[in-house]
Amino acid sequence: MVIFGGEALSPQLLKDWREKYPATKLINMYGITETTVHVTYKEITEMEIGQARSNIGFPIPTLRIYILDANWQCVPIGVAGEMYVAGEGLARGYLNRPELTADRFVDNPFEPGSKMYKTGDLAKWLGDGNIEYLGRIDHQVKIRGYRIELGEVESQVTKLASVREAIVLAREESSGEKLLCAYFVADRQWTVSELRNELSQELPAYMIPSYFVQLERMPLTSNGKVDRKALPSPEGSIHTGAEYVAPRTPLEAGLARIWEQLLGLDQVSVNDNFFELGGHSLRATALVNKVHQELNIQLSLREVFRFPTIGEMAGAVSAMDKDTYSAIPVADAQEHYPVSSAQKRLYILHQLEGAEQGYNMPGIMLLEGRLDRNRFEASFHALIRRHAVLRSGFELVGGEPVQRVLDTVDFSVEYSKAGEHEVQQRVKQFIRAFELDQPPLLRVGLIEIEEAEDRYVLLFDMHHIISDGVSIGIVLQELSQHYHGESVPPLRIQYKDYAVWQQSEEQKEQLSKQQAYWLSQFRGELPVLELPTDFVRPAVQKYDGVTLPFRVDKQVSEGLKQIAADTGTTLYMVLLAAYTVLLQKYTGQGDIVVGTPIAAGHMANCSRLSVCLSTRLQFARIPKAGSRSDRIWMKSRARCWGLMSIRTIRLKIWSKV
């Protein structure tokens, strides 16, 4: 009998070994020191040898396993959650570590008076009652808005024929962007194209690694575990399967230089595929901007996808007309500056009764470790000096809203101490309305937790007129840089410069075209949604609301993602289409207007504002040949007035009426 423990076991590694020792029983056991020591056991059957997933079986008789979500609710079969352990083998805590004990040994809500251990491991129940181990919770990452379990990606990579081992990491680039990188050991040479094609059969696009690095063997620590820190940087280790061809023209050389900068590579072939080298939609957007800036060619995102190699892209670019790149100029110093169209909208909305806090953007973070309060506050002062929009107030001049940028503003962090049970109440008191003419429209609080040493709750709140969700990430990143004494490159322009540029004659001409487009789209009498409701709509708008969370099972979730992949759209577009079809079925109306917030594209510094994307959806009944059921065709014309070019998006959504 051979018992495995210590690290997640991939049964496929046992194929050759099993042939040599056919009579040996193989037992996979999951254990933690806090339960002295084994928790679950699973005898590996002949059918399971060769599989990639780590099945850790059932708990031993004296212990119990709970797999819970973030709200301590039991997850259903097949859904990932965090593993908790309870029972007779559980330790009482950590010697002389009361804070760590309180954090890890928590009250058991299913057995009052007892404790359970928070393992930090991700797992899910299988249909037969066994447990599949998915990796550490801290190996769960968020990339481009998607939460990804690295263990699930590793499992799919190791399922590939001839792949013996695989490790997937989230690598952070100098820009702060995270990308997936897969390291693997295999019996034959794989190309990126082959790997992507195979993985795309099982994984959605956002879970397919940007980099693949094939190794002869995995680096190990002194105790035989994979040494993740010793894994090489992925740049320069990518095997695309394409023969290297050097740039043949000055245009190809220019594109190659841009690609190398964006992808962090020393050399690219004119036959390499942008997306096989680690490119994705965000990098494609950066590529479009860089080509316009350096080559004076206005490339579209669609063309990046259509011409993904340097050779193809150069051929397309050579046939395009020059479009001279012009940077937004720095505005002359003024007593006050115009506001952008998005700021004007938010200024007006802020004046509505009941909406005073409707455009606050609060946030809360837990800080752990020794904190230098003076340096912490100085870091916020540095941020305010750096970004003029954080020193901007908004007022009416001649009946028009303007922004006034001050040289200095009064700012201080609101410090307090509180017990953990008081934090929620302090948070409610912290969020209050801003006076738009009194900058900074930024508020920061710091609560020191009384029960725990070196634990703080950071509260911050900004008004939407100076910030959005993207901006908060920039603020937090630069706050960290200032706190640690790192250099931050100077800003060429400020948001006020963008607002002035938007009022230029050239931009006004573009805006007038877009205005004409939207007036055409919404000409005539606009439809009112006749949605059947339980109560009559009040005469005065209120801003009360509630969030109703719900879960979609894995099968439905994967099906939705597959629709997005098949139609070349995003999951958001699919869900919005489904939502509008639902409205049509409830109301029976053929003309529906939907508003949805989007992130604007032409923004600067830390003040990228969201705008409203208004979509008019016209439904027409089209009988399907040979079918009794009618179908719905949804035509969506959607673009943002004043901030995006005029284009038409058509989404065909087929659904039984």
# chains A, B, ... in the order shown; residues from 1 in each chain; ligands from 1

$ select_by_dssp --residues "stretch 22-228 of chain A" --states "alpha helix (DSSP H)" --output "PyMOL selection string"
chain A and resi 98-104+150-158+192-199

$ write_last_selection --atoms "N, CA, C and O atoms" --output "mmCIF file, in the first residue's frame"
data_model
loop_
_atom_site.group_PDB
_atom_site.id
_atom_site.type_symbol
_atom_site.label_atom_id
_atom_site.label_comp_id
_atom_site.auth_asym_id
_atom_site.auth_seq_id
_atom_site.Cartn_x
_atom_site.Cartn_y
_atom_site.Cartn_z
ATOM 1 N N PRO A 98 -2.977 34.178 19.078
ATOM 2 C CA PRO A 98 -4.438 34.342 19.217
ATOM 3 C C PRO A 98 -5.101 34.949 17.989
ATOM 4 O O PRO A 98 -6.223 34.583 17.642
ATOM 5 N N GLU A 99 -4.422 35.892 17.310
ATOM 6 C CA GLU A 99 -5.039 36.536 16.143
ATOM 7 C C GLU A 99 -5.199 35.532 14.999
ATOM 8 O O GLU A 99 -6.251 35.454 14.359
ATOM 9 N N LEU A 100 -4.144 34.748 14.757
ATOM 10 C CA LEU A 100 -4.199 33.755 13.691
ATOM 11 C C LEU A 100 -5.215 32.669 14.024
ATOM 12 O O LEU A 100 -5.936 32.182 13.156
ATOM 13 N N THR A 101 -5.284 32.300 15.306
ATOM 14 C CA THR A 101 -6.258 31.300 15.739
ATOM 15 C C THR A 101 -7.681 31.794 15.483
ATOM 16 O O THR A 101 -8.526 31.061 14.951
ATOM 17 N N ALA A 102 -7.952 33.057 15.834
ATOM 18 C CA ALA A 102 -9.297 33.616 15.632
ATOM 19 C C ALA A 102 -9.651 33.689 14.156
ATOM 20 O O ALA A 102 -10.819 33.548 13.778
ATOM 21 N N ASP A 103 -8.653 33.885 13.317
ATOM 22 C CA ASP A 103 -8.899 34.013 11.883
ATOM 23 C C ASP A 103 -9.186 32.664 11.231
ATOM 24 O O ASP A 103 -10.012 32.574 10.324
ATOM 25 N N ARG A 104 -8.506 31.610 11.697
ATOM 26 C CA ARG A 104 -8.592 30.306 11.038
ATOM 27 C C ARG A 104 -9.549 29.330 11.725
ATOM 28 O O ARG A 104 -10.202 28.524 11.067
ATOM 29 N N LEU A 150 -6.994 28.838 -10.848
ATOM 30 C CA LEU A 150 -5.842 28.350 -11.601
ATOM 31 C C LEU A 150 -5.823 26.831 -11.665
ATOM 32 O O LEU A 150 -5.370 26.247 -12.654
ATOM 33 N N GLY A 151 -6.330 26.178 -10.610
ATOM 34 C CA GLY A 151 -6.358 24.715 -10.598
ATOM 35 C C GLY A 151 -7.216 24.139 -11.719
ATOM 36 O O GLY A 151 -6.898 23.071 -12.272
ATOM 37 N N GLU A 152 -8.306 24.828 -12.079
ATOM 38 C CA GLU A 152 -9.151 24.333 -13.160
ATOM 39 C C GLU A 152 -8.422 24.410 -14.499
ATOM 40 O O GLU A 152 -8.542 23.521 -15.342
ATOM 41 N N VAL A 153 -7.663 25.491 -14.700
ATOM 42 C CA VAL A 153 -6.904 25.624 -15.945
ATOM 43 C C VAL A 153 -5.807 24.564 -15.985
ATOM 44 O O VAL A 153 -5.585 23.919 -17.018
ATOM 45 N N GLU A 154 -5.106 24.363 -14.849
ATOM 46 C CA GLU A 154 -4.065 23.332 -14.778
ATOM 47 C C GLU A 154 -4.645 21.962 -15.117
ATOM 48 O O GLU A 154 -4.033 21.163 -15.837
ATOM 49 N N SER A 155 -5.839 21.691 -14.596
ATOM 50 C CA SER A 155 -6.464 20.392 -14.832
ATOM 51 C C SER A 155 -6.702 20.156 -16.320
ATOM 52 O O SER A 155 -6.461 19.056 -16.834
ATOM 53 N N GLN A 156 -7.141 21.196 -17.021
ATOM 54 C CA GLN A 156 -7.393 21.043 -18.457
ATOM 55 C C GLN A 156 -6.093 20.880 -19.244
ATOM 56 O O GLN A 156 -6.037 20.124 -20.212
ATOM 57 N N VAL A 157 -5.033 21.584 -18.834
ATOM 58 C CA VAL A 157 -3.753 21.452 -19.536
ATOM 59 C C VAL A 157 -3.200 20.040 -19.360
ATOM 60 O O VAL A 157 -2.709 19.419 -20.311
ATOM 61 N N THR A 158 -3.294 19.494 -18.145
ATOM 62 C CA THR A 158 -2.751 18.155 -17.895
ATOM 63 C C THR A 158 -3.578 17.054 -18.551
ATOM 64 O O THR A 158 -3.114 15.922 -18.681
ATOM 65 N N VAL A 192 2.006 26.772 -29.659
ATOM 66 C CA VAL A 192 0.953 27.571 -29.035
ATOM 67 C C VAL A 192 -0.377 27.366 -29.753
ATOM 68 O O VAL A 192 -1.434 27.249 -29.123
ATOM 69 N N SER A 193 -0.332 27.316 -31.067
ATOM 70 C CA SER A 193 -1.557 27.141 -31.843
ATOM 71 C C SER A 193 -2.250 25.827 -31.480
ATOM 72 O O SER A 193 -3.475 25.784 -31.289
ATOM 73 N N GLU A 194 -1.468 24.733 -31.362
ATOM 74 C CA GLU A 194 -2.047 23.441 -30.993
ATOM 75 C C GLU A 194 -2.668 23.497 -29.605
ATOM 76 O O GLU A 194 -3.778 22.992 -29.371
ATOM 77 N N LEU A 195 -1.953 24.108 -28.662
ATOM 78 C CA LEU A 195 -2.449 24.193 -27.289
ATOM 79 C C LEU A 195 -3.744 24.993 -27.213
ATOM 80 O O LEU A 195 -4.703 24.598 -26.548
ATOM 81 N N ARG A 196 -3.772 26.125 -27.890
ATOM 82 C CA ARG A 196 -4.966 26.966 -27.876
ATOM 83 C C ARG A 196 -6.160 26.228 -28.493
ATOM 84 O O ARG A 196 -7.276 26.286 -27.958
ATOM 85 N N ASN A 197 -5.931 25.559 -29.601
ATOM 86 C CA ASN A 197 -7.019 24.833 -30.255
ATOM 87 C C ASN A 197 -7.582 23.738 -29.358
ATOM 88 O O ASN A 197 -8.804 23.549 -29.270
ATOM 89 N N GLU A 198 -6.695 23.004 -28.686
ATOM 90 C CA GLU A 198 -7.146 21.914 -27.810
ATOM 91 C C GLU A 198 -7.899 22.470 -26.595
ATOM 92 O O GLU A 198 -8.967 21.977 -26.234
ATOM 93 N N LEU A 199 -7.331 23.495 -25.960
ATOM 94 C CA LEU A 199 -7.942 24.035 -24.740
ATOM 95 C C LEU A 199 -9.258 24.737 -25.024
ATOM 96 O O LEU A 199 -10.151 24.771 -24.166
#

$ residues_around --residues "A:Glu165" --least-positions-apart "4" --cutoff "12 Å" --atoms "only C-alpha atoms" --output "PDB file with N, CA and C atoms, in the first residue's frame"
ATOM      1  N   ALA A   8      -0.956  18.093  -4.059  1.00  0.00           N
ATOM      2  CA  ALA A   8      -2.045  17.562  -4.879  1.00  0.00           C
ATOM      3  C   ALA A   8      -1.507  16.531  -5.865  1.00  0.00           C
ATOM      4  N   LEU A   9      -2.169  15.373  -5.915  1.00  0.00           N
ATOM      5  CA  LEU A   9      -1.724  14.273  -6.760  1.00  0.00           C
ATOM      6  C   LEU A   9      -2.493  14.284  -8.080  1.00  0.00           C
ATOM      7  N   SER A  10      -1.754  14.187  -9.178  1.00  0.00           N
ATOM      8  CA  SER A  10      -2.372  14.019 -10.496  1.00  0.00           C
ATOM      9  C   SER A  10      -2.245  12.545 -10.869  1.00  0.00           C
ATOM     10  N   PRO A  11      -3.344  11.776 -10.856  1.00  0.00           N
ATOM     11  CA  PRO A  11      -3.264  10.327 -11.089  1.00  0.00           C
ATOM     12  C   PRO A  11      -2.643   9.944 -12.431  1.00  0.00           C
ATOM     13  N   GLN A  12      -2.654  10.847 -13.396  1.00  0.00           N
ATOM     14  CA  GLN A  12      -2.095  10.484 -14.696  1.00  0.00           C
ATOM     15  C   GLN A  12      -0.580  10.279 -14.621  1.00  0.00           C
ATOM     16  N   LEU A  13       0.052  10.804 -13.569  1.00  0.00           N
ATOM     17  CA  LEU A  13       1.491  10.597 -13.414  1.00  0.00           C
ATOM     18  C   LEU A  13       1.814   9.165 -12.995  1.00  0.00           C
ATOM     19  N   LEU A  14       0.784   8.384 -12.639  1.00  0.00           N
ATOM     20  CA  LEU A  14       1.016   7.044 -12.103  1.00  0.00           C
ATOM     21  C   LEU A  14       0.917   5.939 -13.159  1.00  0.00           C
ATOM     22  N   GLY A  50      -4.517   7.958 -14.905  1.00  0.00           N
ATOM     23  CA  GLY A  50      -4.488   8.602 -16.216  1.00  0.00           C
ATOM     24  C   GLY A  50      -5.320   9.872 -16.260  1.00  0.00           C
ATOM     25  N   GLN A  51      -6.203  10.074 -15.248  1.00  0.00           N
ATOM     26  CA  GLN A  51      -6.980  11.311 -15.201  1.00  0.00           C
ATOM     27  C   GLN A  51      -6.134  12.438 -14.614  1.00  0.00           C
ATOM     28  N   ALA A  52      -6.565  13.658 -14.887  1.00  0.00           N
ATOM     29  CA  ALA A  52      -5.785  14.805 -14.423  1.00  0.00           C
ATOM     30  C   ALA A  52      -6.269  15.327 -13.074  1.00  0.00           C
ATOM     31  N   ARG A  53      -7.556  15.176 -12.776  1.00  0.00           N
ATOM     32  CA  ARG A  53      -8.090  15.814 -11.575  1.00  0.00           C
ATOM     33  C   ARG A  53      -7.643  15.096 -10.308  1.00  0.00           C
ATOM     34  N   GLU A 154      -5.106  24.363 -14.849  1.00  0.00           N
ATOM     35  CA  GLU A 154      -4.065  23.332 -14.778  1.00  0.00           C
ATOM     36  C   GLU A 154      -4.645  21.962 -15.117  1.00  0.00           C
ATOM     37  N   SER A 155      -5.839  21.691 -14.596  1.00  0.00           N
ATOM     38  CA  SER A 155      -6.464  20.392 -14.832  1.00  0.00           C
ATOM     39  C   SER A 155      -6.702  20.156 -16.320  1.00  0.00           C
ATOM     40  N   GLN A 156      -7.141  21.196 -17.021  1.00  0.00           N
ATOM     41  CA  GLN A 156      -7.393  21.043 -18.457  1.00  0.00           C
ATOM     42  C   GLN A 156      -6.093  20.880 -19.244  1.00  0.00           C
ATOM     43  N   VAL A 157      -5.033  21.584 -18.834  1.00  0.00           N
ATOM     44  CA  VAL A 157      -3.753  21.452 -19.536  1.00  0.00           C
ATOM     45  C   VAL A 157      -3.200  20.040 -19.360  1.00  0.00           C
ATOM     46  N   THR A 158      -3.294  19.494 -18.145  1.00  0.00           N
ATOM     47  CA  THR A 158      -2.751  18.155 -17.895  1.00  0.00           C
ATOM     48  C   THR A 158      -3.578  17.054 -18.551  1.00  0.00           C
ATOM     49  N   LYS A 159      -4.790  17.359 -18.982  1.00  0.00           N
ATOM     50  CA  LYS A 159      -5.602  16.370 -19.700  1.00  0.00           C
ATOM     51  C   LYS A 159      -5.122  16.163 -21.128  1.00  0.00           C
ATOM     52  N   LEU A 160      -4.319  17.098 -21.643  1.00  0.00           N
ATOM     53  CA  LEU A 160      -3.859  16.992 -23.021  1.00  0.00           C
ATOM     54  C   LEU A 160      -2.934  15.788 -23.177  1.00  0.00           C
ATOM     55  N   ALA A 161      -3.038  15.111 -24.293  1.00  0.00           N
ATOM     56  CA  ALA A 161      -2.222  13.926 -24.537  1.00  0.00           C
ATOM     57  C   ALA A 161      -0.745  14.261 -24.461  1.00  0.00           C
ATOM     58  N   ALA A 182       1.079  29.317 -18.560  1.00  0.00           N
ATOM     59  CA  ALA A 182       1.079  27.873 -18.300  1.00  0.00           C
ATOM     60  C   ALA A 182       2.472  27.301 -18.523  1.00  0.00           C
ATOM     61  N   TYR A 183       3.004  26.594 -17.511  1.00  0.00           N
ATOM     62  CA  TYR A 183       4.270  25.865 -17.606  1.00  0.00           C
ATOM     63  C   TYR A 183       3.927  24.383 -17.626  1.00  0.00           C
ATOM     64  N   PHE A 184       4.523  23.655 -18.550  1.00  0.00           N
ATOM     65  CA  PHE A 184       4.154  22.247 -18.640  1.00  0.00           C
ATOM     66  C   PHE A 184       5.350  21.399 -19.089  1.00  0.00           C
ATOM     67  N   VAL A 185       5.265  20.126 -18.725  1.00  0.00           N
ATOM     68  CA  VAL A 185       6.248  19.120 -19.136  1.00  0.00           C
ATOM     69  C   VAL A 185       5.496  18.094 -19.976  1.00  0.00           C
ATOM     70  N   ALA A 186       6.013  17.787 -21.164  1.00  0.00           N
ATOM     71  CA  ALA A 186       5.319  16.868 -22.069  1.00  0.00           C
ATOM     72  C   ALA A 186       6.321  15.979 -22.787  1.00  0.00           C
ATOM     73  N   ASP A 187       5.805  14.892 -23.357  1.00  0.00           N
ATOM     74  CA  ASP A 187       6.646  13.921 -24.060  1.00  0.00           C
ATOM     75  C   ASP A 187       6.936  14.328 -25.502  1.00  0.00           C
ATOM     76  N   VAL A 213       4.866  27.866 -21.678  1.00  0.00           N
ATOM     77  CA  VAL A 213       6.305  27.599 -21.580  1.00  0.00           C
ATOM     78  C   VAL A 213       6.498  26.107 -21.349  1.00  0.00           C
ATOM     79  N   GLN A 214       7.146  25.437 -22.298  1.00  0.00           N
ATOM     80  CA  GLN A 214       7.396  24.000 -22.170  1.00  0.00           C
ATOM     81  C   GLN A 214       8.766  23.789 -21.538  1.00  0.00           C
ATOM     82  N   LEU A 215       8.795  22.971 -20.471  1.00  0.00           N
ATOM     83  CA  LEU A 215      10.029  22.714 -19.722  1.00  0.00           C
ATOM     84  C   LEU A 215      10.411  21.243 -19.829  1.00  0.00           C
ATOM     85  N   GLU A 216      11.700  20.983 -19.636  1.00  0.00           N
ATOM     86  CA  GLU A 216      12.144  19.586 -19.569  1.00  0.00           C
ATOM     87  C   GLU A 216      11.701  18.941 -18.273  1.00  0.00           C
ATOM     88  N   ARG A 217      11.764  19.720 -17.178  1.00  0.00           N
ATOM     89  CA  ARG A 217      11.298  19.240 -15.878  1.00  0.00           C
ATOM     90  C   ARG A 217      10.930  20.451 -15.032  1.00  0.00           C
ATOM     91  N   MET A 218      10.051  20.230 -14.056  1.00  0.00           N
ATOM     92  CA  MET A 218       9.638  21.297 -13.154  1.00  0.00           C
ATOM     93  C   MET A 218      10.726  21.547 -12.109  1.00  0.00           C
ATOM     94  N   PRO A 219      11.037  22.804 -11.781  1.00  0.00           N
ATOM     95  CA  PRO A 219      11.981  23.071 -10.689  1.00  0.00           C
ATOM     96  C   PRO A 219      11.343  22.702  -9.352  1.00  0.00           C
ATOM     97  N   VAL A 226       6.939  21.698  -6.110  1.00  0.00           N
ATOM     98  CA  VAL A 226       7.245  22.569  -7.240  1.00  0.00           C
ATOM     99  C   VAL A 226       7.641  23.951  -6.727  1.00  0.00           C
TER     100      VAL A 226
END

$ closest_residue --among "A:Lys290, A:Lys115, A:Lys508, A:Arg551" --to "A:Tyr325" --atoms "only C-alpha atoms"
A:Lys290

$ closest_atom_pairs --of "stretch 302-420 of chain A" --to "stretch 248-272 of chain A" --cutoff "12 Å" --atoms "only C-alpha atoms" --output "JSON lines"
{"residue": "A:Val304", "atom": "CA", "partner": "A:Trp259", "partner_atom": "CA", "distance": 11.9}
{"residue": "A:Phe307", "atom": "CA", "partner": "A:Asn271", "partner_atom": "CA", "distance": 10.8}
{"residue": "A:Pro308", "atom": "CA", "partner": "A:Asp272", "partner_atom": "CA", "distance": 8.1}
{"residue": "A:Thr309", "atom": "CA", "partner": "A:Asn271", "partner_atom": "CA", "distance": 5.5}
{"residue": "A:Ile310", "atom": "CA", "partner": "A:Val270", "partner_atom": "CA", "distance": 4.6}
{"residue": "A:Gly311", "atom": "CA", "partner": "A:Val270", "partner_atom": "CA", "distance": 5.1}
{"residue": "A:Glu312", "atom": "CA", "partner": "A:Asn271", "partner_atom": "CA", "distance": 8.3}
{"residue": "A:Met313", "atom": "CA", "partner": "A:Leu255", "partner_atom": "CA", "distance": 8.3}
{"residue": "A:Ala314", "atom": "CA", "partner": "A:Glu252", "partner_atom": "CA", "distance": 5.8}
{"residue": "A:Gly315", "atom": "CA", "partner": "A:Glu252", "partner_atom": "CA", "distance": 9.0}
{"residue": "A:Ala316", "atom": "CA", "partner": "A:Leu251", "partner_atom": "CA", "distance": 10.9}
{"residue": "A:Val317", "atom": "CA", "partner": "A:Leu251", "partner_atom": "CA", "distance": 8.6}
{"residue": "A:Ser318", "atom": "CA", "partner": "A:Leu251", "partner_atom": "CA", "distance": 8.0}
{"residue": "A:Ala319", "atom": "CA", "partner": "A:Leu251", "partner_atom": "CA", "distance": 11.8}

$ write_last_selection --atoms "N, CA and C atoms" --output "PDB file, in the first residue's frame"
ATOM      1  N   VAL A 304      -7.491  44.348 -36.435  1.00  0.00           N
ATOM      2  CA  VAL A 304      -6.475  43.618 -35.671  1.00  0.00           C
ATOM      3  C   VAL A 304      -6.836  42.136 -35.627  1.00  0.00           C
ATOM      4  N   PHE A 307      -6.448  40.659 -39.307  1.00  0.00           N
ATOM      5  CA  PHE A 307      -5.070  40.552 -39.794  1.00  0.00           C
ATOM      6  C   PHE A 307      -4.128  40.372 -38.599  1.00  0.00           C
ATOM      7  N   PRO A 308      -4.095  39.157 -37.997  1.00  0.00           N
ATOM      8  CA  PRO A 308      -3.390  38.963 -36.726  1.00  0.00           C
ATOM      9  C   PRO A 308      -1.882  38.761 -36.849  1.00  0.00           C
ATOM     10  N   THR A 309      -1.333  38.693 -38.082  1.00  0.00           N
ATOM     11  CA  THR A 309       0.121  38.584 -38.228  1.00  0.00           C
ATOM     12  C   THR A 309       0.671  39.892 -38.768  1.00  0.00           C
ATOM     13  N   ILE A 310       1.966  40.118 -38.542  1.00  0.00           N
ATOM     14  CA  ILE A 310       2.585  41.348 -39.022  1.00  0.00           C
ATOM     15  C   ILE A 310       2.505  41.434 -40.539  1.00  0.00           C
ATOM     16  N   GLY A 311       2.720  40.300 -41.215  1.00  0.00           N
ATOM     17  CA  GLY A 311       2.652  40.301 -42.665  1.00  0.00           C
ATOM     18  C   GLY A 311       1.285  40.714 -43.174  1.00  0.00           C
ATOM     19  N   GLU A 312       0.223  40.138 -42.586  1.00  0.00           N
ATOM     20  CA  GLU A 312      -1.139  40.479 -43.001  1.00  0.00           C
ATOM     21  C   GLU A 312      -1.486  41.916 -42.636  1.00  0.00           C
ATOM     22  N   MET A 313      -1.087  42.323 -41.441  1.00  0.00           N
ATOM     23  CA  MET A 313      -1.400  43.671 -40.984  1.00  0.00           C
ATOM     24  C   MET A 313      -0.693  44.726 -41.831  1.00  0.00           C
ATOM     25  N   ALA A 314       0.558  44.458 -42.190  1.00  0.00           N
ATOM     26  CA  ALA A 314       1.306  45.401 -43.021  1.00  0.00           C
ATOM     27  C   ALA A 314       0.638  45.555 -44.383  1.00  0.00           C
ATOM     28  N   GLY A 315       0.147  44.438 -44.940  1.00  0.00           N
ATOM     29  CA  GLY A 315      -0.536  44.509 -46.222  1.00  0.00           C
ATOM     30  C   GLY A 315      -1.791  45.360 -46.145  1.00  0.00           C
ATOM     31  N   ALA A 316      -2.557  45.220 -45.036  1.00  0.00           N
ATOM     32  CA  ALA A 316      -3.774  46.011 -44.870  1.00  0.00           C
ATOM     33  C   ALA A 316      -3.446  47.485 -44.639  1.00  0.00           C
ATOM     34  N   VAL A 317      -2.435  47.748 -43.798  1.00  0.00           N
ATOM     35  CA  VAL A 317      -2.066  49.127 -43.461  1.00  0.00           C
ATOM     36  C   VAL A 317      -1.558  49.873 -44.689  1.00  0.00           C
ATOM     37  N   SER A 318      -0.812  49.194 -45.556  1.00  0.00           N
ATOM     38  CA  SER A 318      -0.225  49.856 -46.727  1.00  0.00           C
ATOM     39  C   SER A 318      -1.291  50.394 -47.675  1.00  0.00           C
ATOM     40  N   ALA A 319      -2.494  49.834 -47.612  1.00  0.00           N
ATOM     41  CA  ALA A 319      -3.570  50.282 -48.493  1.00  0.00           C
ATOM     42  C   ALA A 319      -4.433  51.372 -47.861  1.00  0.00           C
TER      43      ALA A 319
END

$ residues_around --residues "A:His484" --least-positions-apart "6" --cutoff "12 Å" --atoms "only C-alpha atoms" --output "mmCIF file with all heavy atoms, in the first residue's frame"
data_model
loop_
_atom_site.group_PDB
_atom_site.id
_atom_site.type_symbol
_atom_site.label_atom_id
_atom_site.label_comp_id
_atom_site.auth_asym_id
_atom_site.auth_seq_id
_atom_site.Cartn_x
_atom_site.Cartn_y
_atom_site.Cartn_z
ATOM 1 N N LEU A 371 1.469 50.148 9.837
ATOM 2 C CA LEU A 371 1.122 51.262 8.960
ATOM 3 C C LEU A 371 1.705 52.562 9.511
ATOM 4 O O LEU A 371 1.517 52.903 10.682
ATOM 5 C CB LEU A 371 -0.402 51.386 8.848
ATOM 6 C CG LEU A 371 -0.923 52.489 7.938
ATOM 7 C CD1 LEU A 371 -0.632 52.160 6.477
ATOM 8 C CD2 LEU A 371 -2.428 52.702 8.135
ATOM 9 N N ASP A 372 2.440 53.272 8.662
ATOM 10 C CA ASP A 372 2.963 54.594 8.999
ATOM 11 C C ASP A 372 1.885 55.608 8.633
ATOM 12 O O ASP A 372 1.694 55.944 7.460
ATOM 13 C CB ASP A 372 4.248 54.859 8.210
ATOM 14 C CG ASP A 372 4.920 56.158 8.618
ATOM 15 O OD1 ASP A 372 4.209 57.112 9.001
ATOM 16 O OD2 ASP A 372 6.164 56.231 8.543
ATOM 17 N N ARG A 375 3.038 58.783 6.636
ATOM 18 C CA ARG A 375 3.359 58.502 5.244
ATOM 19 C C ARG A 375 2.089 58.170 4.452
ATOM 20 O O ARG A 375 1.962 58.517 3.280
ATOM 21 C CB ARG A 375 4.345 57.338 5.149
ATOM 22 C CG ARG A 375 4.980 57.211 3.745
ATOM 23 C CD ARG A 375 5.683 55.898 3.549
ATOM 24 N NE ARG A 375 6.607 55.573 4.626
ATOM 25 C CZ ARG A 375 7.243 54.413 4.718
ATOM 26 N NH1 ARG A 375 7.055 53.479 3.793
ATOM 27 N NH2 ARG A 375 8.054 54.166 5.719
ATOM 28 N N PHE A 376 1.140 57.496 5.106
ATOM 29 C CA PHE A 376 -0.119 57.145 4.479
ATOM 30 C C PHE A 376 -0.876 58.400 4.051
ATOM 31 O O PHE A 376 -1.323 58.521 2.907
ATOM 32 C CB PHE A 376 -0.955 56.320 5.471
ATOM 33 C CG PHE A 376 -2.291 55.867 4.953
ATOM 34 C CD1 PHE A 376 -2.383 54.847 4.026
ATOM 35 C CD2 PHE A 376 -3.452 56.468 5.406
ATOM 36 C CE1 PHE A 376 -3.615 54.426 3.553
ATOM 37 C CE2 PHE A 376 -4.686 56.060 4.938
ATOM 38 C CZ PHE A 376 -4.768 55.030 4.013
ATOM 39 N N ALA A 378 0.402 61.431 3.720
ATOM 40 C CA ALA A 378 1.226 62.160 2.753
ATOM 41 C C ALA A 378 1.058 61.593 1.351
ATOM 42 O O ALA A 378 1.134 62.329 0.350
ATOM 43 C CB ALA A 378 2.689 62.117 3.171
ATOM 44 N N SER A 379 0.813 60.285 1.246
ATOM 45 C CA SER A 379 0.626 59.656 -0.063
ATOM 46 C C SER A 379 -0.643 60.171 -0.732
ATOM 47 O O SER A 379 -0.678 60.395 -1.946
ATOM 48 C CB SER A 379 0.568 58.137 0.086
ATOM 49 O OG SER A 379 1.770 57.631 0.626
ATOM 50 N N GLN A 477 -3.336 52.033 -7.035
ATOM 51 C CA GLN A 477 -1.999 51.668 -7.496
ATOM 52 C C GLN A 477 -0.997 52.783 -7.203
ATOM 53 O O GLN A 477 0.096 52.544 -6.686
ATOM 54 C CB GLN A 477 -2.035 51.378 -8.997
ATOM 55 C CG GLN A 477 -0.658 51.013 -9.581
ATOM 56 C CD GLN A 477 -0.707 50.817 -11.081
ATOM 57 O OE1 GLN A 477 -1.768 50.686 -11.667
ATOM 58 N NE2 GLN A 477 0.443 50.811 -11.719
ATOM 59 N N GLU A 478 -1.370 54.017 -7.518
ATOM 60 C CA GLU A 478 -0.451 55.138 -7.285
ATOM 61 C C GLU A 478 -0.298 55.428 -5.799
ATOM 62 O O GLU A 478 0.773 55.867 -5.355
ATOM 63 C CB GLU A 478 -0.947 56.370 -8.033
ATOM 64 C CG GLU A 478 -0.846 56.219 -9.546
ATOM 65 C CD GLU A 478 -1.098 57.530 -10.283
ATOM 66 O OE1 GLU A 478 -1.331 58.562 -9.613
ATOM 67 O OE2 GLU A 478 -1.070 57.521 -11.521
#

$ residues_around --residues "A:Asp323" --least-positions-apart "6" --cutoff "10 Å" --atoms "only C-alpha atoms" --output "short mmCIF file (atom, residue, chain, number, x, y, z; two decimals) with C-alpha atoms, in the first residue's frame"
data_model
loop_
_atom_site.label_atom_id
_atom_site.label_comp_id
_atom_site.auth_asym_id
_atom_site.auth_seq_id
_atom_site.Cartn_x
_atom_site.Cartn_y
_atom_site.Cartn_z
CA HIS A 292 -2.00 55.54 -34.94
CA GLN A 293 0.56 57.40 -32.84
CA LEU A 295 2.57 55.23 -38.09
CA ASN A 296 -0.28 57.76 -38.56
CA ILE A 297 -2.66 54.97 -39.57
CA GLN A 298 -6.12 54.65 -37.99
CA LEU A 299 -6.42 50.87 -37.56
#
